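Asker: Here you go, this is upload-v2.cif (mmCIF, C-alpha atoms).
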data_work
#
loop_
_atom_site.label_atom_id
_atom_site.label_comp_id
_atom_site.auth_asym_id
_atom_site.auth_seq_id
_atom_site.Cartn_x
_atom_site.Cartn_y
_atom_site.Cartn_z
CA LYS A 209 190.65 204.02 98.57
CA ALA A 210 193.01 206.97 99.05
CA ILE A 211 192.41 206.91 102.80
CA ASP A 212 192.99 203.14 102.93
CA ALA A 213 196.21 203.64 100.96
CA GLY A 214 197.49 206.01 103.66
CA ALA A 215 196.93 209.44 102.11
CA HIS A 216 197.88 212.17 104.58
CA CYS A 217 194.95 214.33 103.49
CA ILE A 218 192.22 213.96 100.88
CA ARG A 219 190.19 216.43 98.84
CA ILE A 220 186.49 216.15 98.23
CA ASN A 221 184.54 218.33 95.81
CA PRO A 222 180.97 219.26 96.81
CA GLY A 223 180.01 219.47 93.13
CA ASN A 224 180.83 215.89 92.19
CA ILE A 225 181.06 213.76 95.36
CA GLY A 226 177.52 212.45 94.88
CA GLY A 227 175.51 213.73 97.84
CA PRO A 228 175.41 213.46 101.63
CA ASP A 229 175.41 209.64 101.71
CA LYS A 230 178.69 209.49 99.79
CA VAL A 231 180.16 212.20 102.02
CA ALA A 232 179.13 210.24 105.12
CA GLU A 233 180.93 207.19 103.75
CA VAL A 234 184.14 209.16 103.20
CA VAL A 235 183.85 210.89 106.58
CA ALA A 236 183.48 207.54 108.36
CA ALA A 237 186.68 206.27 106.75
CA ALA A 238 188.53 209.54 107.47
CA LYS A 239 187.47 209.52 111.12
CA LEU A 240 188.58 205.91 111.49
CA LYS A 241 192.08 206.67 110.15
CA GLY A 242 192.38 210.26 111.46
CA THR A 243 192.70 211.62 107.92
CA PRO A 244 192.01 215.34 107.44
CA MET A 245 190.08 216.60 104.40
CA ARG A 246 190.15 219.58 102.11
CA ILE A 247 186.77 220.71 100.88
CA GLY A 248 187.60 221.84 97.34
CA VAL A 249 184.98 224.12 95.79
CA ASN A 250 185.63 225.07 92.16
CA SER A 251 183.69 227.49 89.99
CA GLY A 252 183.55 224.86 87.26
CA SER A 253 181.95 222.14 89.40
CA LEU A 254 179.40 223.55 91.82
CA PRO A 255 176.55 221.45 93.19
CA LYS A 256 173.54 221.34 90.86
CA HIS A 257 171.25 223.35 93.13
CA LEU A 258 173.67 226.31 92.89
CA ARG A 259 174.11 226.41 89.11
CA ASP A 260 171.52 229.18 88.56
CA LEU A 261 173.02 231.24 91.38
CA GLU A 262 176.42 230.81 89.74
CA PHE A 263 175.23 232.85 86.74
CA GLU A 264 173.55 235.52 88.90
CA ASN A 265 176.19 235.83 91.63
CA PRO A 266 179.23 233.55 91.22
CA VAL A 267 180.84 234.72 94.46
CA GLU A 268 177.74 233.90 96.51
CA ALA A 269 177.46 230.52 94.77
CA LEU A 270 181.05 229.60 95.72
CA VAL A 271 180.62 230.71 99.33
CA THR A 272 177.26 228.96 99.66
CA ALA A 273 178.73 225.69 98.37
CA ALA A 274 181.60 225.92 100.84
CA THR A 275 179.51 226.86 103.88
CA GLU A 276 176.87 224.22 103.13
CA PHE A 277 179.58 221.59 102.93
CA VAL A 278 181.28 222.72 106.14
CA GLU A 279 177.88 222.53 107.87
CA LEU A 280 177.42 219.00 106.49
CA MET A 281 180.82 217.98 107.85
CA HIS A 282 179.85 219.35 111.25
CA ARG A 283 176.52 217.47 111.19
CA LEU A 284 178.53 214.32 110.42
CA ASP A 285 180.62 215.13 113.53
CA PHE A 286 183.76 215.72 111.51
CA HIS A 287 185.25 218.54 113.53
CA ASP A 288 188.68 219.56 114.60
CA PHE A 289 190.60 216.58 115.90
CA LYS A 290 193.85 218.55 115.92
CA VAL A 291 195.68 217.20 112.91
CA SER A 292 198.47 219.57 111.93
CA MET A 293 198.12 220.91 108.38
CA MET A 294 201.34 222.88 108.30
CA SER A 295 202.90 223.77 105.02
CA PRO A 296 206.33 225.23 104.36
CA MET A 297 204.67 227.54 101.82
CA VAL A 298 202.95 229.90 104.28
CA ALA A 299 202.94 230.90 107.92
CA PRO A 300 202.18 228.10 110.38
CA ALA A 301 198.65 226.93 109.65
CA ARG A 302 195.88 226.51 112.15
CA THR A 303 195.19 222.94 113.14
CA SER A 304 192.00 221.44 111.84
CA SER A 305 190.55 218.26 110.42
CA ILE A 306 189.04 220.37 107.64
CA LYS A 307 190.50 223.00 105.39
CA VAL A 308 188.53 224.70 102.65
CA SER A 309 189.47 225.94 99.22
CA MET A 310 187.39 228.01 96.82
CA LYS A 311 188.97 228.50 93.46
CA SER A 312 187.80 230.27 90.36
CA THR A 313 189.40 231.10 87.04
CA SER A 314 188.33 234.68 87.78
CA VAL A 315 190.82 236.47 90.03
CA PRO A 316 188.24 239.01 91.31
CA ASN A 317 185.81 236.18 92.15
CA THR A 318 188.56 234.23 93.91
CA ILE A 319 189.46 237.26 96.01
CA ALA A 320 185.86 238.24 96.83
CA SER A 321 184.71 234.71 97.67
CA ASN A 322 187.67 233.99 99.97
CA ARG A 323 187.25 237.32 101.76
CA LEU A 324 183.58 236.52 102.36
CA LEU A 325 184.25 232.94 103.42
CA ALA A 326 186.96 234.03 105.87
CA GLU A 327 184.26 236.03 107.69
CA LYS A 328 181.90 233.03 107.85
CA ILE A 329 184.01 230.04 108.90
CA ASP A 330 186.86 229.33 111.25
CA HIS A 331 188.73 226.66 109.30
CA PRO A 332 192.04 226.99 107.48
CA LEU A 333 191.74 228.28 103.92
CA HIS A 334 193.72 226.87 101.01
CA LEU A 335 194.19 229.48 98.26
CA GLY A 336 194.56 229.11 94.52
CA VAL A 337 193.31 230.25 91.15
CA THR A 338 191.82 227.39 89.11
CA GLU A 339 193.42 226.84 85.71
CA ALA A 340 195.43 230.04 86.13
CA GLY A 341 197.07 229.76 82.72
CA THR A 342 200.52 229.62 81.17
CA LYS A 343 203.72 230.13 83.10
CA TRP A 344 203.53 233.87 82.35
CA SER A 345 199.81 234.68 82.64
CA GLY A 346 199.15 232.08 85.34
CA SER A 347 201.99 233.45 87.46
CA LEU A 348 200.53 236.95 87.21
CA LYS A 349 196.97 235.85 87.99
CA SER A 350 198.20 233.82 90.95
CA ALA A 351 200.38 236.66 92.24
CA VAL A 352 197.50 239.14 92.10
CA GLY A 353 194.87 236.80 93.54
CA LEU A 354 196.86 235.01 96.20
CA GLY A 355 199.03 238.03 96.97
CA THR A 356 195.99 240.17 97.66
CA LEU A 357 194.44 237.60 100.00
CA LEU A 358 197.69 236.81 101.80
CA ALA A 359 198.35 240.54 102.28
CA ASP A 360 194.88 240.74 103.88
CA GLY A 361 195.90 237.96 106.28
CA ILE A 362 193.64 235.41 104.57
CA GLY A 363 194.96 231.96 103.71
CA ASP A 364 196.84 229.14 105.38
CA THR A 365 198.18 227.15 102.41
CA ILE A 366 198.54 227.93 98.71
CA ARG A 367 198.67 226.14 95.36
CA ILE A 368 199.80 227.63 92.08
CA SER A 369 198.23 226.00 89.01
CA LEU A 370 200.09 226.60 85.77
CA SER A 371 199.68 225.01 82.34
CA THR A 372 203.07 223.37 82.49
CA PHE A 373 204.38 219.86 82.82
CA HIS A 374 207.00 221.09 85.25
CA ALA A 375 205.48 221.27 88.74
CA GLU A 376 208.66 222.85 90.08
CA GLU A 377 207.69 226.04 88.18
CA GLU A 378 204.50 226.22 90.25
CA VAL A 379 206.52 225.90 93.46
CA LYS A 380 208.93 228.64 92.33
CA VAL A 381 206.04 231.04 91.71
CA GLY A 382 204.60 230.24 95.14
CA TRP A 383 207.91 230.99 96.84
CA GLU A 384 208.25 234.28 94.94
CA ILE A 385 204.75 235.40 95.98
CA LEU A 386 205.56 234.63 99.61
CA LYS A 387 208.96 236.32 99.32
CA ALA A 388 207.37 239.47 97.86
CA LEU A 389 205.02 239.60 100.87
CA LYS A 390 207.89 238.91 103.29
CA GLN A 391 206.06 235.83 104.56
CA ARG A 392 208.84 233.41 103.59
CA GLU A 393 212.31 233.96 102.28
CA ARG A 394 214.28 231.51 100.20
CA GLY A 395 217.24 232.48 98.13
CA PRO A 396 218.51 235.95 97.31
CA VAL A 397 216.24 238.94 96.79
CA LEU A 398 217.16 240.52 93.46
#
Here is the file; what I need is its structure written in the form of structure tokens.

Answerer:
Amino acid sequence: KAIDAGAHCIRINPGNIGGPDKVAEVVAAAKLKGTPMRIGVNSGSLPKHLRDLEFENPVEALVTAATEFVELMHRLDFHDFKVSMMSPMVAPARTSSIKVSMKSTSVPNTIASNRLLAEKIDHPLHLGVTEAGTKWSGSLKSAVGLGTLLADGIGDTIRISLSTFHAEEEVKVGWEILKALKQRERGPVL
């Protein structure tokens, strides 16, 4: 329905989409309209077959979910059809029909899983920390997690998730992280 309504990009979660048949249905619609997708893997909603691995090795579980889903997209012939996924929040992004995000509430797991995934796939990565927290603690967790990855050269787009009803606060934190890394500048540096 989102694709039919004209969404510029959609997100699908490997943990709750409902299996390969459902994915094939979404892929067919996306291919028809030229709609790119973000594969959104979250530590709180991994596919059932990875739940035991999540307790043993949460980083490996996240990366496995992401790589399995990318492979599924490739088998469904959903490859790079050169849709621009540029964002003003980070350096010019690579072009791809797929971008991948792996988010965890654990900053070390977010960092480790994205580092490992960056070695395994050649698709743009969308960075974030799931349910980062309040304006104060969430800003710090996001700065450490995303800042570390961006400083390593990992990541094409970012999202800051704070427990606030004011989305503009999330955007401000994102800009400050990028400003601190000298990747984007907006406003004075104090």

Asker: How would you write, as a PDB file with C-alpha atoms, in the coordinates of the input, the residues chosen by the PyMOL selection byres ((chain A and resi 245) around 7) on this structure?

Answerer:
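Okay, this is what ended up in selection19.pdb:
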ATOM      1  CA  CYS A 217     194.950 214.330 103.490  1.00  0.00           C
ATOM      2  CA  ILE A 218     192.220 213.960 100.880  1.00  0.00           C
ATOM      3  CA  ARG A 219     190.190 216.430  98.840  1.00  0.00           C
ATOM      4  CA  THR A 243     192.700 211.620 107.920  1.00  0.00           C
ATOM      5  CA  PRO A 244     192.010 215.340 107.440  1.00  0.00           C
ATOM      6  CA  ARG A 246     190.150 219.580 102.110  1.00  0.00           C
ATOM      7  CA  ILE A 247     186.770 220.710 100.880  1.00  0.00           C
ATOM      8  CA  SER A 305     190.550 218.260 110.420  1.00  0.00           C
ATOM      9  CA  ILE A 306     189.040 220.370 107.640  1.00  0.00           C
ATOM     10  CA  LYS A 307     190.500 223.000 105.390  1.00  0.00           C
TER      11      LYS A 307
END

Asker: From the set A:Lys241, A:Thr356, A:Lys380, A:Arg367, which residue has the shortest atom-to-atom contact distance to Gly395 (chain A), counting all atoms listed in the file?

Answerer: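 Closest residue, counting all atoms listed in the file: A:Lys380.
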
Asker: Report as a list of chain:residue names all protein, DNA and RNA residues lying within 12 Å of Arg283 (chain A), evaluated on only C-alpha atoms, omitting residues in the same chain fewer than 5 positions from it.

Answerer: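 Listing them by chain and then by number gives A:Pro228, A:Val231, A:Ala232, A:Val235, A:Glu276, A:Phe277, A:Val278.
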
Asker: Please, what distance in Å, to one decimal, runs between CA of Lys343 (chain A) and CA of Ala273 (chain A)?

Answerer: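 Between these atoms lies a distance of 29.6 Å.
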
Asker: Can you list every residue of region 209-284 of chain A that has an atom at most 8 Å from region 321-342 of chain A, with its nearest atom pair and the distance in Å to one decimal, using all atoms listed in the file, ordered by chain then number, as JSON lines?

Answerer:
{"residue": "A:Asn250", "atom": "CA", "partner": "A:Thr338", "partner_atom": "CA", "distance": 7.3}
{"residue": "A:Val267", "atom": "CA", "partner": "A:Ser321", "partner_atom": "CA", "distance": 5.0}
{"residue": "A:Glu268", "atom": "CA", "partner": "A:Ser321", "partner_atom": "CA", "distance": 7.1}
{"residue": "A:Leu270", "atom": "CA", "partner": "A:Ser321", "partner_atom": "CA", "distance": 6.6}
{"residue": "A:Val271", "atom": "CA", "partner": "A:Leu325", "partner_atom": "CA", "distance": 5.9}
{"residue": "A:Ala274", "atom": "CA", "partner": "A:Leu325", "partner_atom": "CA", "distance": 7.9}
{"residue": "A:Thr275", "atom": "CA", "partner": "A:Ile329", "partner_atom": "CA", "distance": 7.5}

Asker: Starting from the shown file, work through the PyMOL selection byres ((chain A and resi 253) around 10) and note down what comes out as a list in words.

Answerer: Asn221, Pro222, Gly223, Asn224, Gly248, Val249, Asn250, Ser251, Gly252, Leu254, Pro255, Lys256, Leu258, Arg259 and Leu270 of chain A

Asker: Could those selected residues go to a file with C-alpha atoms, as a PDB file, in the coordinates of the input?

Answerer:
ATOM      1  CA  ASN A 221     184.540 218.330  95.810  1.00  0.00           C
ATOM      2  CA  PRO A 222     180.970 219.260  96.810  1.00  0.00           C
ATOM      3  CA  GLY A 223     180.010 219.470  93.130  1.00  0.00           C
ATOM      4  CA  ASN A 224     180.830 215.890  92.190  1.00  0.00           C
ATOM      5  CA  GLY A 248     187.600 221.840  97.340  1.00  0.00           C
ATOM      6  CA  VAL A 249     184.980 224.120  95.790  1.00  0.00           C
ATOM      7  CA  ASN A 250     185.630 225.070  92.160  1.00  0.00           C
ATOM      8  CA  SER A 251     183.690 227.490  89.990  1.00  0.00           C
ATOM      9  CA  GLY A 252     183.550 224.860  87.260  1.00  0.00           C
ATOM     10  CA  LEU A 254     179.400 223.550  91.820  1.00  0.00           C
ATOM     11  CA  PRO A 255     176.550 221.450  93.190  1.00  0.00           C
ATOM     12  CA  LYS A 256     173.540 221.340  90.860  1.00  0.00           C
ATOM     13  CA  LEU A 258     173.670 226.310  92.890  1.00  0.00           C
ATOM     14  CA  ARG A 259     174.110 226.410  89.110  1.00  0.00           C
ATOM     15  CA  LEU A 270     181.050 229.600  95.720  1.00  0.00           C
TER      16      LEU A 270
END

Asker: One number please: CA of Arg392 (chain A) to CA of Leu358 (chain A), in Å, one decimal.

Answerer: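 Computing it gives 11.8 Å between the two atoms.
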
Asker: Pick out the closest residue to Ile366 (chain A) from this set: A:Val315, A:Leu261, A:Val308, A:Ala320. Count all atoms listed in the file.

Answerer: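 Distance minimum relative to Ile366 (chain A) lands on A:Val308.
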
Asker: To one decimal in Å, tell me the separation between CA of Leu389 (chain A) and CA of Ser345 (chain A).

Answerer: 19.6 Å

Asker: Looking at A:Phe286, A:Ala269, A:Glu262, A:Ser347, which one is nearest to Glu233 (chain A), with distances taken over only C-alpha atoms?

Answerer: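 Looking only at the distances to Glu233 (chain A), the closest residue turns out to be A:Phe286.
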
Asker: From the list A:Gly363, A:Lys311, A:Phe373, A:Ala351, which residue is nearest Lys387 (chain A) when using only C-alpha atoms?

Answerer: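 For Lys387 (chain A), the nearest of the candidates is A:Ala351.
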
Asker: Taking all atoms listed in the file into account, which of A:Ser309, A:Thr318, A:Thr272, A:Ser350 comes nearest Leu386 (chain A)?

Answerer: A:Ser350

Asker: Select, from A:Val381, A:Leu357, A:Ala375, A:Ala215, the residue with the minimum atom-to-atom distance to Ile319 (chain A), counting all atoms listed in the file.

Answerer: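 That would be A:Leu357, the residue with the smallest distance to Ile319 (chain A).
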
Asker: Start from the incomplete input, build all heavy atoms for region 223-234 of chain A, and deliver everything as a short mmCIF file (atom, residue, chain, number, x, y, z; two decimals), in the frame of the given file.

Answerer:
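Dumped everything to rebuild-v1.cif:
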data_model
loop_
_atom_site.label_atom_id
_atom_site.label_comp_id
_atom_site.auth_asym_id
_atom_site.auth_seq_id
_atom_site.Cartn_x
_atom_site.Cartn_y
_atom_site.Cartn_z
N GLY A 223 180.72 219.51 94.39
CA GLY A 223 180.01 219.47 93.13
C GLY A 223 179.96 218.11 92.47
O GLY A 223 179.13 217.87 91.59
N ASN A 224 180.84 217.19 92.88
CA ASN A 224 180.83 215.89 92.19
C ASN A 224 180.99 214.68 93.11
O ASN A 224 181.15 213.57 92.65
CB ASN A 224 181.89 215.85 91.09
CG ASN A 224 183.30 216.01 91.61
OD1 ASN A 224 183.58 215.78 92.77
ND2 ASN A 224 184.19 216.43 90.73
N ILE A 225 180.90 214.88 94.43
CA ILE A 225 181.06 213.76 95.36
C ILE A 225 179.86 212.82 95.32
O ILE A 225 180.00 211.63 95.57
CB ILE A 225 181.35 214.24 96.81
CG1 ILE A 225 181.71 213.09 97.75
CG2 ILE A 225 180.19 215.01 97.37
CD1 ILE A 225 183.06 212.52 97.56
N GLY A 226 178.68 213.33 95.01
CA GLY A 226 177.52 212.45 94.88
C GLY A 226 176.52 212.52 96.01
O GLY A 226 175.72 211.62 96.18
N GLY A 227 176.53 213.55 96.82
CA GLY A 227 175.51 213.73 97.84
C GLY A 227 175.95 213.35 99.24
O GLY A 227 177.03 212.79 99.46
N PRO A 228 175.08 213.66 100.21
CA PRO A 228 175.41 213.46 101.63
C PRO A 228 175.75 212.02 102.01
O PRO A 228 176.59 211.79 102.88
CB PRO A 228 174.15 213.93 102.36
CG PRO A 228 173.49 214.87 101.41
CD PRO A 228 173.81 214.36 100.03
N ASP A 229 175.11 211.04 101.37
CA ASP A 229 175.41 209.64 101.71
C ASP A 229 176.85 209.28 101.35
O ASP A 229 177.54 208.59 102.11
CB ASP A 229 174.44 208.69 101.01
CG ASP A 229 173.02 208.82 101.55
OD1 ASP A 229 172.86 209.32 102.68
OD2 ASP A 229 172.09 208.42 100.83
N LYS A 230 177.30 209.74 100.19
CA LYS A 230 178.69 209.49 99.79
C LYS A 230 179.66 210.21 100.73
O LYS A 230 180.70 209.68 101.10
CB LYS A 230 178.93 209.96 98.35
CG LYS A 230 178.22 209.14 97.31
CD LYS A 230 178.92 207.82 97.13
CE LYS A 230 178.30 207.10 95.95
NZ LYS A 230 178.85 205.78 95.77
N VAL A 231 179.31 211.45 101.09
CA VAL A 231 180.16 212.20 102.02
C VAL A 231 180.25 211.47 103.35
O VAL A 231 181.34 211.35 103.92
CB VAL A 231 179.62 213.64 102.21
CG1 VAL A 231 180.44 214.38 103.26
CG2 VAL A 231 179.62 214.39 100.89
N ALA A 232 179.13 210.97 103.85
CA ALA A 232 179.13 210.24 105.12
C ALA A 232 180.04 209.02 105.06
O ALA A 232 180.75 208.71 106.03
CB ALA A 232 177.70 209.83 105.48
N GLU A 233 180.06 208.36 103.93
CA GLU A 233 180.93 207.19 103.75
C GLU A 233 182.41 207.59 103.84
O GLU A 233 183.21 206.93 104.50
CB GLU A 233 180.62 206.56 102.39
CG GLU A 233 181.30 205.27 102.10
CD GLU A 233 180.90 204.72 100.73
OE1 GLU A 233 179.76 204.93 100.29
OE2 GLU A 233 181.77 204.06 100.12
N VAL A 234 182.75 208.68 103.18
CA VAL A 234 184.14 209.16 103.20
C VAL A 234 184.50 209.65 104.60
O VAL A 234 185.60 209.37 105.10
CB VAL A 234 184.36 210.27 102.14
CG1 VAL A 234 185.75 210.87 102.25
CG2 VAL A 234 184.12 209.72 100.73
#
